[in-house]
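Participant: Following this line is protein_19.txt, made up of compact mmCIF, C-alpha atoms:
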```
# COMPACT_ATOMS: atom_id res chain seq x y z
CA THR A 760 39.86 -69.25 61.10
CA THR A 761 37.23 -68.11 58.62
CA THR A 762 34.50 -65.91 60.07
CA ILE A 763 31.07 -66.79 58.80
CA PRO A 764 28.95 -63.66 58.53
CA THR A 765 25.63 -63.61 60.25
CA SER A 766 22.38 -63.61 58.28
CA THR A 767 21.92 -59.90 58.95
CA ARG A 768 25.37 -59.16 57.62
CA VAL A 769 24.73 -61.21 54.49
CA ALA A 770 21.53 -59.29 53.81
CA ALA A 771 23.31 -55.94 54.19
CA ILE A 772 26.12 -56.97 51.84
CA PHE A 773 23.62 -58.19 49.25
CA ALA A 774 21.58 -54.99 49.44
CA ARG A 775 24.69 -52.80 49.05
CA GLY A 776 25.84 -54.78 46.02
CA TYR A 777 22.40 -54.54 44.36
CA ALA A 778 22.25 -50.77 44.87
CA GLU A 779 25.70 -50.31 43.30
CA THR A 780 24.64 -52.42 40.29
CA VAL A 781 21.47 -50.36 39.72
CA ARG A 782 23.43 -47.12 40.11
CA ALA A 783 25.96 -48.26 37.50
CA ARG A 784 23.23 -49.20 35.02
CA THR A 785 21.48 -45.86 35.50
CA THR A 786 24.71 -43.95 34.93
CA THR A 787 25.52 -45.94 31.80
CA SER A 788 21.97 -45.48 30.43
CA ALA A 789 21.98 -41.74 31.09
CA SER A 790 25.31 -41.27 29.40
CA ALA A 791 24.15 -43.23 26.35
CA LYS A 792 21.12 -41.01 25.72
CA PRO A 793 21.68 -38.13 23.27
CA ALA A 794 21.52 -34.70 24.84
CA LYS A 795 18.25 -32.86 24.27
CA PRO A 796 18.55 -29.70 22.22
CA GLU A 797 18.33 -26.55 24.24
CA LYS A 798 15.01 -24.76 24.00
CA THR A 799 15.17 -21.51 22.15
CA ALA A 800 13.89 -18.40 23.83
CA GLY A 801 10.21 -17.75 23.22
CA LYS A 802 7.92 -19.81 21.02
CA GLU A 803 9.26 -21.99 18.27
CA ALA A 804 9.41 -20.39 14.87
CA ALA A 805 5.99 -20.55 13.21
CA LYS A 806 5.60 -22.80 10.22
CA ALA A 807 5.69 -21.10 6.88
CA PRO A 808 2.09 -20.21 5.83
CA LYS A 809 0.56 -22.26 3.06
CA GLU A 810 0.35 -20.68 -0.36
CA LEU A 811 -3.18 -19.37 -0.92
CA THR A 812 -5.12 -20.63 -3.90
CA GLU A 813 -6.34 -18.18 -6.52
CA ALA A 814 -9.91 -18.63 -5.27
CA ALA A 815 -8.85 -17.80 -1.71
CA LYS A 816 -6.96 -14.71 -2.90
CA THR A 817 -10.05 -13.57 -4.80
CA ARG A 818 -12.26 -14.00 -1.72
CA LEU A 819 -9.87 -11.91 0.38
CA LYS A 820 -9.75 -9.25 -2.33
CA ILE A 821 -13.55 -9.13 -2.50
CA LYS A 822 -13.78 -8.80 1.28
CA ASP A 823 -11.33 -5.89 1.25
CA LEU A 824 -13.16 -4.17 -1.61
CA GLN A 825 -16.51 -4.52 0.13
CA LYS A 826 -15.14 -2.56 3.09
CA LYS A 827 -13.92 0.25 0.83
CA ALA A 828 -17.08 0.29 -1.32
CA LEU A 829 -19.32 1.77 1.46
CA LEU A 830 -22.05 -0.83 0.96
CA GLU A 831 -23.75 -0.25 4.30
CA ASN A 832 -27.53 0.06 4.49
CA ILE A 833 -28.34 3.78 4.66
CA GLY A 834 -32.04 3.34 5.43
CA LEU A 835 -33.70 4.23 2.13
CA LEU A 836 -37.48 3.77 1.99
CA PRO A 837 -39.28 1.66 -0.68
CA ARG A 838 -38.90 3.55 -3.97
CA ASN A 839 -41.73 2.00 -6.00
CA SER A 840 -45.24 0.73 -5.34
CA TRP A 841 -44.35 -2.97 -5.61
CA MET A 842 -41.52 -2.68 -3.06
CA LEU A 843 -43.81 -0.74 -0.74
CA TYR A 844 -46.60 -3.32 -1.05
CA TYR A 845 -44.10 -6.13 -0.41
CA VAL A 846 -42.73 -4.46 2.74
CA GLN A 847 -46.21 -3.80 4.07
CA ASN A 848 -47.49 -7.36 3.55
CA CYS A 849 -44.52 -9.68 3.73
CA LYS A 850 -43.90 -9.69 7.49
CA PRO A 851 -47.45 -10.74 8.54
CA LEU A 852 -47.39 -13.58 6.00
CA MET A 853 -43.93 -14.71 7.13
CA GLN A 854 -45.33 -15.34 10.60
CA ASN A 855 -47.67 -17.98 9.13
CA ARG A 856 -44.86 -20.14 7.75
CA PRO A 857 -45.85 -23.81 8.23
CA ALA A 858 -43.53 -25.97 10.30
CA GLY A 859 -41.24 -28.21 8.29
CA VAL A 860 -41.49 -26.22 5.05
CA PRO A 861 -38.04 -25.15 3.73
CA LEU A 862 -37.59 -21.40 3.72
CA LYS A 863 -36.69 -21.34 0.01
CA ASP A 864 -39.90 -23.14 -0.97
CA PHE A 865 -41.99 -20.99 1.35
CA MET A 866 -40.52 -17.75 -0.03
CA ARG A 867 -41.19 -18.86 -3.61
CA SER A 868 -44.83 -19.51 -2.73
CA LEU A 869 -45.04 -16.27 -0.74
CA MET A 870 -43.72 -14.17 -3.63
CA ALA A 871 -46.22 -15.71 -6.04
CA GLN A 872 -49.02 -15.01 -3.57
CA LEU A 873 -47.94 -11.40 -3.04
CA LYS A 874 -47.54 -10.77 -6.77
CA ALA A 875 -51.05 -12.06 -7.47
CA SER A 876 -52.57 -9.92 -4.71
CA TYR A 877 -50.57 -6.86 -5.86
CA ASP A 878 -51.88 -7.20 -9.41
CA ALA A 879 -55.42 -7.25 -8.00
CA VAL A 880 -55.03 -4.08 -5.89
CA PRO A 881 -57.94 -1.66 -6.54
CA ALA A 882 -57.16 1.65 -8.26
CA ALA A 883 -57.83 3.71 -5.11
CA GLU A 884 -55.43 1.64 -3.03
CA ARG A 885 -52.81 1.74 -5.79
CA GLU A 886 -53.02 5.53 -5.86
CA GLU A 887 -52.35 5.59 -2.10
CA LEU A 888 -49.29 3.42 -2.69
CA GLU A 889 -48.05 5.81 -5.37
CA LYS A 890 -48.61 8.79 -3.09
CA THR A 891 -46.52 7.17 -0.36
CA VAL A 892 -43.83 6.30 -2.90
CA ARG A 893 -43.54 9.94 -4.00
CA GLN A 894 -43.07 10.97 -0.36
CA ASN A 895 -40.46 8.21 0.05
CA GLN A 896 -38.55 9.45 -2.97
CA LEU A 897 -38.29 12.94 -1.52
CA ALA A 898 -37.16 11.56 1.84
CA ASN A 899 -34.67 9.24 0.12
CA ALA A 900 -33.09 12.13 -1.75
CA VAL A 901 -32.39 13.91 1.54
CA THR A 902 -31.12 10.72 3.23
CA TYR A 903 -28.84 9.92 0.30
CA ARG A 904 -27.44 13.47 0.11
CA ASN A 905 -26.70 13.50 3.84
CA TRP A 906 -25.04 10.09 3.64
CA VAL A 907 -22.82 11.14 0.72
CA ASP A 908 -21.85 14.38 2.48
CA SER A 909 -20.87 12.40 5.59
CA HIS A 910 -17.91 11.06 3.57
CA THR A 911 -15.04 12.99 2.03
CA PRO A 912 -14.86 13.31 -1.78
CA GLN A 913 -11.79 11.05 -1.76
CA GLU A 914 -13.70 8.35 0.16
CA ILE A 915 -16.46 8.49 -2.48
CA ILE A 916 -13.88 8.20 -5.27
CA ASP A 917 -12.26 5.20 -3.55
CA ALA A 918 -15.68 3.63 -2.97
CA ASN A 919 -16.66 4.01 -6.64
CA ASN A 920 -13.34 2.49 -7.74
CA ALA A 921 -13.90 -0.43 -5.36
CA ARG A 922 -17.45 -0.91 -6.70
CA THR A 923 -16.19 -0.98 -10.28
CA TYR A 924 -13.62 -3.64 -9.37
CA LEU A 925 -16.21 -5.66 -7.43
CA LYS A 926 -18.40 -5.92 -10.52
CA ARG A 927 -15.49 -7.55 -12.35
CA LEU A 928 -14.73 -10.05 -9.58
CA LYS A 929 -18.22 -10.92 -8.37
CA LYS A 930 -21.11 -11.91 -10.59
CA ASN A 931 -24.43 -10.10 -10.00
CA ALA A 932 -22.75 -7.65 -7.62
CA ARG A 933 -25.24 -4.91 -6.74
CA CYS A 934 -23.09 -1.86 -6.24
CA PRO A 935 -24.24 1.12 -8.33
CA ARG A 936 -21.99 4.11 -8.68
CA ILE A 937 -22.32 6.70 -5.90
CA ILE A 938 -23.49 10.06 -7.24
CA ASP A 939 -21.69 12.94 -5.56
CA ALA A 940 -22.44 16.46 -6.79
CA ARG A 941 -19.16 17.67 -5.24
CA LEU A 942 -17.11 15.63 -7.70
CA PRO A 943 -16.33 16.87 -11.21
CA ALA A 944 -17.68 14.99 -14.21
CA ARG A 945 -15.58 11.95 -14.99
CA ALA A 946 -12.89 12.39 -17.61
CA LEU A 947 -13.66 11.11 -21.10
CA THR A 948 -11.68 8.31 -22.66
CA ALA A 949 -10.86 8.42 -26.35
CA HIS A 950 -13.52 5.80 -27.02
CA ARG A 951 -16.15 7.72 -25.07
CA ALA A 952 -15.26 10.93 -26.89
CA PHE A 953 -15.78 9.13 -30.20
CA THR A 954 -19.05 7.57 -29.01
CA LYS A 955 -20.34 10.91 -27.73
CA ALA A 956 -19.72 12.56 -31.09
CA GLY A 957 -21.31 9.62 -32.86
CA PHE A 958 -24.44 9.72 -30.71
CA SER A 959 -24.85 13.44 -31.39
CA ALA A 960 -24.76 12.78 -35.13
CA ALA A 961 -27.12 9.81 -34.78
CA HIS A 962 -29.59 11.88 -32.77
CA VAL A 963 -29.72 14.45 -35.57
CA ALA A 964 -30.24 11.66 -38.11
CA GLY A 965 -32.96 10.03 -35.98
CA THR A 966 -31.20 6.64 -35.74
CA ARG A 967 -32.25 4.31 -32.92
CA SER A 968 -29.85 3.86 -29.98
CA ALA A 969 -29.35 0.09 -30.40
CA GLU A 970 -28.41 0.53 -34.06
CA THR A 971 -26.11 3.44 -33.21
CA ILE A 972 -24.22 1.48 -30.53
CA THR A 973 -23.59 -1.41 -32.92
CA ALA A 974 -22.46 0.87 -35.73
CA LEU A 975 -20.18 3.00 -33.52
CA SER A 976 -18.52 -0.06 -32.01
CA ALA A 977 -17.64 -1.36 -35.47
CA GLN A 978 -16.45 2.07 -36.62
CA TRP A 979 -14.15 2.53 -33.59
CA LYS A 980 -12.49 -0.84 -34.14
CA ALA A 981 -11.89 0.05 -37.78
CA LEU A 982 -10.16 3.38 -37.03
CA SER A 983 -6.43 3.58 -37.60
CA ALA A 984 -4.03 4.99 -35.00
CA GLU A 985 -3.87 8.25 -36.95
CA GLU A 986 -7.67 8.52 -37.09
CA ARG A 987 -7.95 7.99 -33.33
CA LYS A 988 -5.53 10.81 -32.50
CA PRO A 989 -8.17 13.62 -32.41
CA TYR A 990 -10.22 11.67 -29.85
CA GLU A 991 -7.12 10.89 -27.81
CA GLU A 992 -6.35 14.63 -27.70
CA ILE A 993 -9.90 15.32 -26.48
CA ALA A 994 -9.46 12.66 -23.78
CA LYS A 995 -6.13 14.13 -22.69
CA ALA A 996 -7.59 17.63 -22.36
CA ASP A 997 -10.55 16.29 -20.42
CA ARG A 998 -8.30 14.40 -17.99
CA GLU A 999 -6.46 17.65 -17.29
CA ARG A 1000 -9.79 19.38 -16.69
CA TYR A 1001 -10.82 16.61 -14.26
CA THR A 1002 -7.52 16.84 -12.36
CA ARG A 1003 -7.85 20.64 -11.97
CA GLU A 1004 -11.44 20.48 -10.77
CA LEU A 1005 -10.70 17.65 -8.35
CA ALA A 1006 -7.76 19.54 -6.86
CA ALA A 1007 -10.00 22.55 -6.29
CA ILE A 1008 -12.42 20.66 -4.03
```
Now that the file is in, can you turn its structure into structure tokens?

Facilitator:
Amino acid sequence: TTTIPTSTRVAAIFARGYAETVRARTTTSASAKPAKPEKTAGKEAAKAPKELTEAAKTRLKIKDLQKKALLENIGLLPRNSWMLYYVQNCKPLMQNRPAGVPLKDFMRSLMAQLKASYDAVPAAEREELEKTVRQNQLANAVTYRNWVDSHTPQEIIDANNARTYLKRLKKNARCPRIIDARLPARALTAHRAFTKAGFSAAHVAGTRSAETITALSAQWKALSAEERKPYEEIAKADRERYTRELAAI
């Protein structure tokens, strides 16, 4: 006799069969998936940096040179009457800048206004400006000397080298050479030795500087290797002198 399962039994058998089917599918799907690569310890290796363009390299070089060049503001006072007049009168006029006027246009107008008023300064007031300027120049000399002495001679040498290089890389770079009385006079090059001798002769002859520079430049280019030897010997001796004096600091 065949036993007919009850409705509850049928439902249980159906549910068990469905669960086994789902479990089989899940197992098959999991085994089919490729295994994930194991994570390496720490962060993934960084991507190789992009090659910098020449312009980017130049900008980084300029930034590095500016740090070495000691270009900080050392607090020098206005050194001529026009600069003094500008400092005294610019700030009050800047406060009257009209709304909506671009700064560049306003500054152009302001400079023209200040220049016109400076040219019209009475003689007595101009003399007072000059008197203040003379006092500023004395104070600046002390400030500059103290600032230079706050750095080692080697730091000044490095700063001057950086300033020279900056002038080559950056147009209109304002970085004059630092004057340090502790340092020996710079060594002559062969060309400078030749030019120095030529200027001495030109001074005796009364020739103008512009004409002398042009003539000496042409003469130096025309010299043979043998003719340049005496000036190269002078330059060599002067480099040795510079090295000795620098080592003695």

Participant: At a cut-off of 9 Å, using only C-alpha atoms, what residues contact A:Tyr877? Leave out same-chain residues fewer than 5 positions from it and give the result as a list in words.

Facilitator: Trp841, Tyr844, Tyr845, Gln872 and Arg885 of chain A

Participant: Determine, using all atoms listed in the file, which residues of stretch 855-942 of chain A have any atom at most 10 Å from an atom of stretch 815-820 of chain A, and tabulate each with its shortest atom pair and distance in Å to one decimal place, rows ordered by chain and then rising number, as a tab-separated table.

Facilitator:
```
residue	atom	partner	partner_atom	distance
A:Tyr924	CA	A:Lys820	CA	9.8
A:Leu925	CA	A:Lys820	CA	9.0
A:Leu928	CA	A:Thr817	CA	7.6
A:Lys929	CA	A:Thr817	CA	9.3
```

Participant: Write out as a list of chain:residue names the residues lying within 10 Å of A:Ile972, counting all atoms listed in the file and excluding same-chain residues fewer than 6 positions away.

Facilitator: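 The residues satisfying every condition are A:Thr954, A:Gly957, A:Phe958, A:Ala961, A:Gln978.
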
Participant: Measure the distance from atom CA of A:Gln896 to atom CA of A:Pro837 in Å and round it to one decimal.

Facilitator: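 Separation of atom CA of A:Gln896 and atom CA of A:Pro837: 8.2 Å.
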
Participant: Using all atoms of stretch 926-932 of chain A listed in the file and a margin of 8 Å per side, can you give the axis-aligned box centre and edge lengths in Å to one decimal, as JSON?

Facilitator:
```
{"center_x": -19.6, "center_y": -8.9, "center_z": -10.0, "size_x": 25.7, "size_y": 22.0, "size_z": 20.7}
```

Participant: I'd like the interatomic distance between atom CA of A:Leu1005 and atom CA of A:Glu831, to a tenth of an Å.

Facilitator: 25.5 Å

Participant: Identify the residues around (-47.1, 5.4, -2.4) within a radius of 10 Å, measuring from only C-alpha atoms in the coordinates stated by the file, and give them as a ChimeraX atom specification.

Facilitator: /A:837-844,884-896

Participant: What is the distance, in Å and to one decimal place, between atom CA of A:Cys849 and atom CA of A:Lys874?

Facilitator: 11.0 Å
